[in-house]
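Next up, query-v3.csv (CSV, C-alpha atoms):
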chain,number,residue,atom,x,y,z
I,1,MET,CA,40.7,65.8,124.0
I,2,ALA,CA,38.7,64.2,121.2
I,3,GLY,CA,40.1,64.6,117.7
I,4,VAL,CA,42.3,67.7,118.3
I,5,MET,CA,43.7,68.8,115.0
I,6,GLU,CA,47.4,69.5,115.2
I,7,THR,CA,49.2,72.0,113.1
I,8,GLU,CA,51.9,70.9,110.6
I,9,GLU,CA,54.5,72.2,112.9
I,10,GLN,CA,53.2,70.1,115.7
I,11,ALA,CA,53.0,67.1,113.5
I,12,ARG,CA,56.6,67.5,112.4
I,13,HIS,CA,57.7,67.9,116.0
I,14,ARG,CA,55.8,64.8,116.9
I,15,PHE,CA,57.5,63.0,114.1
I,16,GLN,CA,60.9,63.7,115.4
I,17,LEU,CA,59.9,62.7,118.9
I,18,GLU,CA,58.5,59.4,117.8
I,19,LEU,CA,61.5,58.8,115.6
I,20,GLU,CA,63.8,59.3,118.5
I,21,PHE,CA,61.7,57.2,120.9
I,22,VAL,CA,61.2,54.3,118.6
I,23,GLN,CA,65.0,54.1,118.1
I,24,CYS,CA,65.6,54.2,121.8
I,25,LEU,CA,63.7,50.9,122.0
I,26,ALA,CA,66.8,49.3,120.4
I,27,ASN,CA,68.6,49.8,123.7
I,28,PRO,CA,67.9,46.8,126.0
I,29,ASN,CA,69.0,48.8,129.0
I,30,TYR,CA,66.4,51.4,128.3
I,31,LEU,CA,63.8,48.7,127.9
I,32,ASN,CA,64.7,47.3,131.2
I,33,PHE,CA,64.4,50.8,132.6
I,34,LEU,CA,60.9,51.2,131.2
I,35,ALA,CA,59.9,47.7,132.5
I,36,GLN,CA,61.1,48.4,136.0
I,37,ARG,CA,59.1,51.5,136.2
I,38,GLY,CA,56.0,49.7,135.1
I,39,TYR,CA,55.4,51.5,131.9
I,40,LEU,CA,55.2,48.3,130.0
I,41,ARG,CA,52.2,47.2,132.1
I,42,GLU,CA,50.1,50.3,131.3
I,43,LYS,CA,47.5,49.7,128.6
I,44,PRO,CA,47.9,53.2,127.0
I,45,PHE,CA,51.6,52.5,126.6
I,46,VAL,CA,51.0,49.1,125.1
I,47,ASN,CA,48.6,50.7,122.6
I,48,TYR,CA,51.2,53.3,121.8
I,49,LEU,CA,53.7,50.6,121.0
I,50,LYS,CA,51.2,49.1,118.7
I,51,TYR,CA,50.7,52.4,117.0
I,52,LEU,CA,54.4,52.8,116.6
I,53,LEU,CA,54.5,49.8,114.3
I,54,TYR,CA,54.0,52.2,111.4
I,55,TRP,CA,57.8,52.6,111.4
I,56,LYS,CA,57.9,49.3,109.7
I,57,GLU,CA,56.5,50.8,106.5
I,58,PRO,CA,59.3,51.6,104.0
I,59,GLU,CA,58.5,55.2,103.7
I,60,TYR,CA,59.0,55.6,107.4
I,61,ALA,CA,61.7,53.0,107.9
I,62,LYS,CA,64.1,54.8,105.7
I,63,PHE,CA,64.7,57.3,108.5
I,64,LEU,CA,65.8,54.8,111.0
I,65,LYS,CA,69.4,54.7,111.8
I,66,TYR,CA,69.3,51.8,114.2
I,67,PRO,CA,67.1,49.2,112.6
I,68,HIS,CA,67.4,46.8,115.6
I,69,CYS,CA,64.7,48.9,117.1
I,70,LEU,CA,62.1,47.4,114.7
I,71,HIS,CA,62.8,43.9,115.9
I,72,MET,CA,62.6,45.1,119.5
I,73,LEU,CA,59.3,46.8,118.7
I,74,GLU,CA,57.9,43.6,117.3
I,75,LEU,CA,59.0,41.7,120.3
I,76,LEU,CA,57.5,44.3,122.6
I,77,GLN,CA,54.0,43.5,121.2
I,78,TYR,CA,54.1,40.3,123.1
I,79,GLU,CA,53.1,40.5,126.8
I,80,HIS,CA,55.5,37.7,127.7
I,81,PHE,CA,58.5,39.7,126.5
I,82,ARG,CA,57.3,42.8,128.3
I,83,LYS,CA,57.1,40.8,131.5
I,84,GLU,CA,60.5,39.3,131.1
I,85,LEU,CA,62.2,42.6,130.6
I,86,VAL,CA,61.8,43.5,134.3
I,87,ASN,CA,64.7,41.2,135.0
I,88,ALA,CA,68.1,42.8,134.7
I,89,GLN,CA,69.6,39.5,133.6
I,90,CYS,CA,67.2,39.3,130.8
I,91,ALA,CA,68.2,42.8,129.6
I,92,LYS,CA,71.9,41.9,130.0
I,93,PHE,CA,71.4,38.7,128.0
I,94,ILE,CA,69.7,40.6,125.2
I,95,ASP,CA,72.4,43.2,125.2
I,96,GLU,CA,75.2,40.5,124.9
I,97,GLN,CA,73.4,38.7,122.1
I,98,GLN,CA,72.7,41.9,120.3
I,99,ILE,CA,76.4,42.9,120.4
I,100,LEU,CA,77.5,39.4,119.2
I,101,HIS,CA,75.1,39.6,116.3
I,102,TRP,CA,76.3,43.1,115.6
I,103,GLN,CA,79.8,41.7,115.3
I,104,HIS,CA,78.6,38.9,113.1
I,105,TYR,CA,79.2,40.7,109.8
I,106,SER,CA,82.6,42.0,110.7
I,107,ARG,CA,83.6,38.5,111.8
I,108,LYS,CA,82.3,37.0,108.5
I,109,ARG,CA,84.2,39.7,106.6
I,110,THR,CA,87.5,39.0,108.4
I,111,ARG,CA,87.0,35.3,107.8
I,112,LEU,CA,86.4,35.9,104.1
I,113,GLN,CA,89.5,38.1,104.0
I,114,GLN,CA,91.5,35.4,105.6
I,115,ALA,CA,90.3,32.8,103.2
I,116,LEU,CA,91.1,35.1,100.3
I,117,ALA,CA,94.6,35.7,101.7
I,118,GLU,CA,95.2,32.0,102.0
I,119,GLN,CA,94.1,31.4,98.5
I,120,GLN,CA,96.4,34.0,97.2
I,121,GLN,CA,99.3,32.5,99.0
I,122,GLN,CA,98.6,29.1,97.4
I,123,GLN,CA,98.4,30.5,93.9
I,124,PRO,CA,102.1,31.4,93.4
I,125,GLN,CA,103.0,27.8,94.1
I,126,ALA,CA,100.8,26.4,91.4
I,127,PRO,CA,102.9,27.5,88.4
I,128,SER,CA,106.0,25.8,89.8
I,129,HIS,CA,104.1,22.6,90.2
I,130,GLY,CA,103.1,22.9,86.6
I,131,ASN,CA,106.7,23.2,85.5
I,132,THR,CA,107.8,20.1,87.3
I,133,THR,CA,105.0,18.0,85.8
I,134,SER,CA,105.7,19.3,82.3
I,135,LYS,CA,109.2,18.0,82.6
L,1,MET,CA,17.5,-32.8,46.8
L,2,CYS,CA,19.9,-29.9,46.5
L,3,PHE,CA,16.7,-27.8,46.7
L,4,ILE,CA,16.0,-29.1,50.2
L,5,SER,CA,19.6,-28.6,51.4
L,6,HIS,CA,19.5,-25.0,50.1
L,7,ALA,CA,16.3,-24.6,52.1
L,8,CYS,CA,17.9,-26.0,55.2
L,9,ALA,CA,20.8,-23.5,54.9
L,10,LEU,CA,18.3,-20.7,54.7
L,11,ARG,CA,16.4,-22.1,57.6
L,12,LYS,CA,19.5,-21.8,59.7
L,13,ARG,CA,19.8,-18.2,58.8
L,14,GLY,CA,16.2,-17.7,59.4
L,15,GLN,CA,16.8,-18.8,63.0
L,16,THR,CA,18.6,-15.5,63.7
L,17,VAL,CA,15.8,-13.5,62.2
L,18,MET,CA,13.7,-11.7,64.7
L,19,ALA,CA,10.3,-13.1,65.3
L,20,ALA,CA,7.6,-11.0,63.8
L,21,ALA,CA,4.3,-10.4,65.5
L,22,GLU,CA,2.8,-13.1,63.3
L,23,LYS,CA,4.3,-16.5,62.8
L,24,PRO,CA,8.0,-16.3,62.3
L,25,THR,CA,9.2,-16.9,58.8
L,26,LYS,CA,11.1,-19.9,59.9
L,27,GLU,CA,8.0,-21.7,60.9
L,28,LYS,CA,6.2,-20.8,57.8
L,29,LEU,CA,9.0,-22.0,55.7
L,30,LEU,CA,9.1,-25.3,57.5
L,31,ALA,CA,5.4,-25.7,57.2
L,32,THR,CA,5.5,-25.1,53.5
L,33,LEU,CA,8.4,-27.5,53.1
L,34,ASP,CA,6.4,-30.2,54.9
L,35,ASP,CA,3.4,-29.6,52.7
L,36,ILE,CA,5.5,-29.8,49.6
L,37,GLU,CA,7.1,-33.0,50.9
L,38,VAL,CA,3.7,-34.6,51.5
L,39,LEU,CA,2.3,-33.5,48.2
L,40,SER,CA,5.2,-34.7,46.2
L,41,ARG,CA,5.2,-38.1,48.0
L,42,GLU,CA,1.5,-38.5,47.2
L,43,LEU,CA,2.1,-37.6,43.6
L,44,ILE,CA,4.9,-40.1,43.3
L,45,GLU,CA,2.8,-42.8,44.9
L,46,MET,CA,0.0,-42.1,42.6
L,47,LEU,CA,2.3,-42.2,39.6
L,48,ALA,CA,3.9,-45.4,40.8
L,49,LEU,CA,0.4,-46.9,41.5
L,50,SER,CA,-0.9,-45.9,38.1
L,51,ARG,CA,2.1,-47.4,36.4
L,52,THR,CA,1.8,-50.8,38.2
L,53,GLN,CA,-1.9,-51.0,37.8
L,54,LYS,CA,-1.9,-49.8,34.2
L,55,LEU,CA,-5.2,-48.1,34.8
L,56,PRO,CA,-5.9,-44.9,33.1
L,57,GLN,CA,-6.2,-43.0,36.4
L,58,PRO,CA,-8.6,-40.1,36.4
L,59,GLY,CA,-6.5,-37.0,36.1
L,60,GLU,CA,-8.5,-35.1,38.8
L,61,ASP,CA,-6.4,-36.2,41.8
L,62,THR,CA,-3.3,-35.7,39.9
L,63,GLU,CA,-4.3,-32.3,38.8
L,64,GLN,CA,-5.3,-31.4,42.3
L,65,ILE,CA,-2.0,-32.5,43.7
L,66,LEU,CA,-0.1,-30.8,40.9
L,67,GLU,CA,-2.0,-27.6,41.6
L,68,LEU,CA,-1.4,-27.8,45.3
L,69,LEU,CA,2.3,-28.5,44.6
L,70,VAL,CA,2.6,-25.5,42.3
L,71,GLN,CA,0.8,-23.4,44.9
L,72,ARG,CA,3.1,-24.5,47.7
L,73,ASP,CA,6.1,-24.0,45.6
L,74,LYS,CA,5.0,-20.4,44.9
L,75,GLU,CA,4.5,-19.8,48.6
L,76,PHE,CA,7.8,-21.3,49.3
L,77,GLN,CA,9.5,-19.0,46.8
L,78,GLU,CA,7.8,-16.0,48.3
L,79,LEU,CA,8.8,-17.0,51.8
L,80,MET,CA,12.4,-17.4,50.6
L,81,GLN,CA,12.3,-13.9,49.2
L,82,THR,CA,11.0,-12.6,52.5
L,83,ALA,CA,13.7,-14.5,54.4
L,84,VAL,CA,16.4,-13.1,52.2
L,85,GLU,CA,15.1,-9.6,52.7
L,86,GLN,CA,14.9,-10.0,56.4
L,87,GLY,CA,18.4,-11.3,56.4
L,88,LYS,CA,19.5,-8.2,54.6
L,89,VAL,CA,17.7,-5.9,57.0
L,90,HIS,CA,19.2,-7.7,59.9
L,91,GLN,CA,22.7,-7.2,58.5
L,92,GLU,CA,22.0,-3.6,58.1
L,93,MET,CA,20.9,-3.4,61.7
L,94,GLN,CA,24.1,-5.0,62.8
L,95,ALA,CA,26.2,-2.6,60.8
L,96,LEU,CA,24.3,0.3,62.3
L,97,GLU,CA,24.7,-1.0,65.8
L,98,LYS,CA,28.5,-1.2,65.2
L,99,GLU,CA,28.3,2.4,63.9
L,100,VAL,CA,26.5,3.5,67.0
L,101,GLU,CA,29.1,1.8,69.3
L,102,LYS,CA,31.8,3.5,67.4
L,103,ARG,CA,30.2,6.9,67.8
L,104,ASP,CA,29.6,6.2,71.5
L,105,SER,CA,33.2,5.5,72.1
L,106,ASP,CA,34.2,8.6,70.2
L,107,ILE,CA,31.9,10.7,72.3
L,108,GLN,CA,33.4,9.2,75.5
L,109,GLN,CA,36.9,9.9,74.3
L,110,LEU,CA,36.0,13.5,73.5
L,111,GLN,CA,34.4,13.8,76.9
L,112,LYS,CA,37.6,12.6,78.6
L,113,GLN,CA,39.7,15.0,76.6
L,114,LEU,CA,37.3,17.8,77.4
L,115,LYS,CA,37.6,17.0,81.0
L,116,GLU,CA,41.3,17.0,80.9
L,117,ALA,CA,41.5,20.2,79.0
L,118,GLU,CA,39.2,21.9,81.5
L,119,HIS,CA,41.4,20.7,84.3
L,120,ILE,CA,44.5,21.9,82.7
L,121,LEU,CA,42.9,25.3,81.9
L,122,ALA,CA,41.7,25.6,85.4
L,123,THR,CA,45.1,25.0,86.8
L,124,ALA,CA,46.6,27.4,84.3
L,125,VAL,CA,44.1,30.1,85.2
L,126,TYR,CA,44.7,29.6,88.9
L,127,GLN,CA,48.5,29.8,88.5
L,128,ALA,CA,48.2,32.9,86.4
L,129,LYS,CA,46.0,34.5,89.0
L,130,GLU,CA,48.6,33.7,91.7
L,131,LYS,CA,51.3,35.1,89.5
L,132,LEU,CA,49.4,38.3,89.0
L,133,LYS,CA,48.9,38.6,92.7
L,134,SER,CA,52.6,38.2,93.4
L,135,ILE,CA,53.3,40.7,90.6
L,136,GLU,CA,51.0,43.2,92.3
L,137,LYS,CA,52.6,42.5,95.6
L,138,ALA,CA,56.1,43.0,94.2
L,139,ARG,CA,55.1,46.2,92.5
L,140,LYS,CA,53.6,47.6,95.7
L,141,GLY,CA,56.7,46.9,97.6
L,142,SER,CA,59.1,48.2,94.9
L,143,ILE,CA,61.6,50.7,96.0
L,144,SER,CA,64.2,52.4,93.8
L,145,SER,CA,67.5,50.7,94.1
L,146,GLU,CA,69.1,54.1,94.6
L,147,GLU,CA,67.1,54.6,97.8
L,148,ILE,CA,68.0,51.2,99.1
L,149,ILE,CA,71.7,51.8,98.4
L,150,LYS,CA,71.5,55.2,100.1
L,151,TYR,CA,69.8,53.6,103.1
L,152,ALA,CA,72.3,50.7,103.2
L,153,HIS,CA,75.1,53.2,103.2
L,154,ARG,CA,73.5,55.2,105.9
L,155,ILE,CA,73.1,52.4,108.4
L,156,SER,CA,76.4,50.8,107.6
L,157,ALA,CA,78.5,53.9,107.7
L,158,SER,CA,77.5,54.7,111.2
L,159,ASN,CA,78.2,51.2,112.3
L,160,ALA,CA,74.6,50.8,113.3
L,161,VAL,CA,74.2,47.3,111.9
L,162,CYS,CA,77.8,46.1,111.6
L,163,ALA,CA,80.4,46.5,114.3
L,164,PRO,CA,83.4,48.5,113.4
L,165,LEU,CA,86.3,46.3,112.5
L,166,ASN,CA,88.4,47.5,115.3
L,167,TRP,CA,85.8,47.0,118.0
L,168,VAL,CA,86.9,45.5,121.2
L,169,PRO,CA,85.1,45.0,124.5
L,170,GLY,CA,85.3,48.3,126.3
L,171,ASP,CA,84.5,50.3,123.2
L,172,PRO,CA,81.5,52.4,124.1
L,173,ARG,CA,79.9,52.2,120.6
L,174,ARG,CA,76.7,50.2,120.4
L,175,PRO,CA,74.1,49.1,117.8
L,176,TYR,CA,71.6,51.2,119.6
L,177,PRO,CA,71.5,54.8,120.8
L,178,THR,CA,73.5,55.1,123.9
L,179,ASP,CA,72.5,57.0,127.0
L,180,LEU,CA,74.5,59.9,125.8
L,181,GLU,CA,72.8,60.1,122.5
L,182,MET,CA,69.4,59.6,124.0
L,183,ARG,CA,69.9,62.5,126.4
L,184,SER,CA,71.1,64.8,123.7
L,185,GLY,CA,68.0,64.4,121.6
L,186,ILE,CA,64.7,66.2,121.7
L,187,LEU,CA,63.3,63.6,124.1
L,188,GLY,CA,66.1,63.9,126.5
L,189,ASN,CA,65.9,67.7,126.5
L,190,MET,CA,62.2,68.0,126.9
L,191,SER,CA,62.3,68.5,130.5
L,192,ASN,CA,65.3,69.4,132.5
L,193,MET,CA,66.0,67.1,135.3
L,194,SER,CA,69.0,66.3,137.2
L,195,THR,CA,70.6,63.2,138.5
L,196,ASN,CA,74.1,61.9,138.9
L,197,GLY,CA,74.8,63.1,135.4
L,198,VAL,CA,76.9,60.6,133.6
L,199,ASN,CA,78.1,60.1,130.1
L,200,GLY,CA,78.3,56.7,128.6
L,201,HIS,CA,76.2,54.0,130.0
L,202,LEU,CA,74.1,53.8,133.1
L,203,PRO,CA,72.4,50.6,133.6
L,204,GLY,CA,68.7,51.4,133.7
L,205,ASP,CA,68.8,55.1,134.3
L,206,ALA,CA,68.7,56.3,130.7
L,207,LEU,CA,66.8,59.6,130.5
L,208,ALA,CA,67.5,60.8,134.0
L,209,ALA,CA,70.4,63.0,133.4
L,210,GLY,CA,71.1,66.7,133.3
L,211,ARG,CA,71.4,68.7,130.2
L,212,LEU,CA,74.8,68.9,128.7
L,213,PRO,CA,76.1,72.3,128.0
L,214,ASP,CA,75.2,73.4,124.5
L,215,ILE,CA,78.8,73.2,123.2
L,216,LEU,CA,79.1,69.6,124.2
L,217,THR,CA,75.8,68.6,122.9
L,218,PRO,CA,76.5,66.4,119.9
L,219,GLN,CA,74.1,66.3,117.1
L,220,TYR,CA,73.6,62.7,116.2
L,221,PRO,CA,72.1,62.0,112.8
L,222,TRP,CA,69.7,59.5,114.2
L,223,GLN,CA,67.7,62.4,115.5
L,224,SER,CA,66.5,63.2,112.0
L,225,ALA,CA,68.1,66.4,111.3
L,226,ASP,CA,67.9,65.7,107.6
L,227,VAL,CA,64.3,64.6,107.8
L,228,SER,CA,62.1,67.6,107.3
L,229,LEU,CA,61.1,66.5,103.9
L,230,GLY,CA,57.5,67.0,104.6
L,231,ILE,CA,56.9,63.6,106.0
L,232,LEU,CA,54.5,63.5,108.9
L,233,PRO,CA,53.6,60.7,111.3
L,234,PRO,CA,50.3,58.9,110.9
L,235,HIS,CA,47.5,60.9,112.3
L,236,HIS,CA,46.0,59.5,115.4
L,237,GLY,CA,42.7,60.6,116.8
L,238,ASN,CA,42.4,59.9,120.4
L,239,ASP,CA,43.0,58.2,123.6
L,240,PHE,CA,45.7,55.6,123.7
L,241,GLY,CA,43.9,54.4,126.7
L,242,LEU,CA,41.2,53.0,124.5
L,243,GLU,CA,41.6,50.0,122.3
L,244,PRO,CA,43.3,50.9,119.1
L,245,PRO,CA,42.7,52.4,116.6
L,246,GLY,CA,42.1,55.4,118.5
L,247,HIS,CA,45.3,57.1,119.6
L,248,ASN,CA,45.7,60.6,121.0
L,249,LYS,CA,48.0,63.4,121.5
L,250,GLU,CA,48.3,61.7,124.8
L,251,ASN,CA,51.3,60.2,123.3
L,252,GLU,CA,53.1,63.4,123.8
L,253,ASP,CA,51.8,63.5,127.3
L,254,ASP,CA,53.1,60.0,127.6
L,255,VAL,CA,56.5,61.0,126.5
L,256,GLU,CA,56.6,64.0,128.8
L,257,ALA,CA,55.1,61.9,131.5
L,258,MET,CA,57.9,59.4,131.2
L,259,SER,CA,60.6,62.0,131.5
L,260,THR,CA,58.9,63.6,134.4
L,261,ASP,CA,58.1,60.3,136.0
L,262,SER,CA,61.7,59.2,135.6
L,263,SER,CA,62.8,62.2,137.4
L,264,SER,CA,60.2,61.9,140.1
L,265,SER,CA,60.8,58.2,140.5
L,266,SER,CA,64.5,58.4,140.7
L,267,SER,CA,65.5,58.7,144.2
L,268,ASP,CA,67.6,61.8,143.9
L,269,SER,CA,66.5,65.1,142.6
L,270,ASP,CA,68.4,68.3,142.3

Before anything else, please render the file you have as structure tokens.
Amino acid sequence: MAGVMETEEQARHRFQLELEFVQCLANPNYLNFLAQRGYLREKPFVNYLKYLLYWKEPEYAKFLKYPHCLHMLELLQYEHFRKELVNAQCAKFIDEQQILHWQHYSRKRTRLQQALAEQQQQQPQAPSHGNTTSK
Amino acid sequence: MCFISHACALRKRGQTVMAAAEKPTKEKLLATLDDIEVLSRELIEMLALSRTQKLPQPGEDTEQILELLVQRDKEFQELMQTAVEQGKVHQEMQALEKEVEKRDSDIQQLQKQLKEAEHILATAVYQAKEKLKSIEKARKGSISSEEIIKYAHRISASNAVCAPLNWVPGDPRRPYPTDLEMRSGILGNMSNMSTNGVNGHLPGDALAAGRLPDILTPQYPWQSADVSLGILPPHHGNDFGLEPPGHNKENEDDVEAMSTDSSSSSSDSD
């Protein structure tokens, strides 16, 4: 068990596994699942979560498609968070907030577009004002 | 009489002269003056007497007095010289003292400036060091802009960080991998287990699902299909059960254990 050298093939396979697993952590329902089955209480698992922090390095982070997982991973380092995740309401709350945040950018963009549209509506009126004053 | 007044003026100056180890010049001057005064008074009296008495006075006394007078006068002149010289010396001393004061103040001024300069330089050096540190930090963290743009494209195009513009509640898309996606990955397929197989979302029962038929298994890009560019995960030595650092291939066991556990702990099997 001590210091088993893995082949490159095995290492690559492990890479893919860990990539998938760390991204699964972005799913609050999955976190709730893990909490309810007691994995978050096991010391080896907690150590594994700490080990997974290597995904924050840029050379690894560039493979993540769901970056929310990094934030979840950071939160999971705290025992209080792990304890709270047992509750289904907690997971639901996180889920809702996550989705709202996810929509934040598109909301901002629609607002910007609306503002731009309003601005363009006002502009055609400006030249006519100018004409009246020049008289 | 102007003689005496001149002597008085010099006496005043002599008052400021520092006392020598011997009798101060001032005293000597005064003593000599007194002597001269006495002698000249005697001489005048004798002369007056001899005129009134009309006696041919013996010249001895007169000579004596005259001699003494001359002597005293000589002394007096010498003392005056000395006094003048002492006065000069004293003036020089004062001038030198002023010089010394000036130099002192110059030195103090230079000291102040030196201190200021040292302070400014120390600050400058410190700030320069901080700047160097931040430059080093920035260089370490530098990433090519192309890569950043590529990555930004990647996470935005798949709606992973920004909701699709037409998203409404009820849309199954999420900012995290859904149950479906999870099950169709390597992790999900590592052990075949069955449950009430569902697509979409199951609150809390993520990995516990049956394997989808191969045709239907979607390949999601989050599962690193394009990743085999030689990057490997950090090596870990041993037991995750121990305090880190010291991780083990037990992580794979963990992963498998989770999948198997999930199947064994879920109430239904087969």

Report task. Output as JSON, numbers by chain the set of chain I residues within 7 Å of chain L, with distances taken over only C-alpha atoms. Result -> {"I": [2, 3, 11, 12, 15, 16, 17, 20, 24, 26, 27, 29, 30, 32, 33, 43, 44, 47, 48, 62, 64, 65, 66, 102, 103, 105, 106]}

Report summary line: What separates CA of Gln36 in chain I and CA of Lys92 in chain I is a distance of 14.0 Å

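In this model, the gap between CA of Ala35 in chain I and CA of Phe93 in chain I comes to 15.3 Å.
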
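CA of Thr25 in chain L to CA of Gln71 in chain L spans 17.5 Å [interatomic distance, one decimal].
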
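Closest approach to Ala91 in chain I among I:Leu112, I:Ala61, I:Leu49, I:Met72 is made by I:Met72 (distances from all atoms listed in the file).
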
Could you pull the residues within 8 Å of Glu18 in chain I, counting only C-alpha atoms, minus those fewer than 4 positions along the same chain, as a CSV table (one decimal) with C-alpha atoms, in the coordinates of the input?
chain,number,residue,atom,x,y,z
I,14,ARG,CA,55.8,64.8,116.9
I,22,VAL,CA,61.2,54.3,118.6
I,52,LEU,CA,54.4,52.8,116.6

Excluding Glu74 in chain I and its own-chain neighbours fewer than 4 positions away, which residues fall within 9 Å of it when counting only C-alpha atoms? Please give them as a PDB file with C-alpha atoms, keeping the file's coordinate frame.
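Final output, around-v8.pdb:
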ATOM      1  CA  LEU I  49      53.700  50.600 121.000  1.00  0.00           C
ATOM      2  CA  LYS I  50      51.200  49.100 118.700  1.00  0.00           C
ATOM      3  CA  LEU I  53      54.500  49.800 114.300  1.00  0.00           C
ATOM      4  CA  CYS I  69      64.700  48.900 117.100  1.00  0.00           C
ATOM      5  CA  LEU I  70      62.100  47.400 114.700  1.00  0.00           C
ATOM      6  CA  TYR I  78      54.100  40.300 123.100  1.00  0.00           C
TER       7      TYR I  78
END
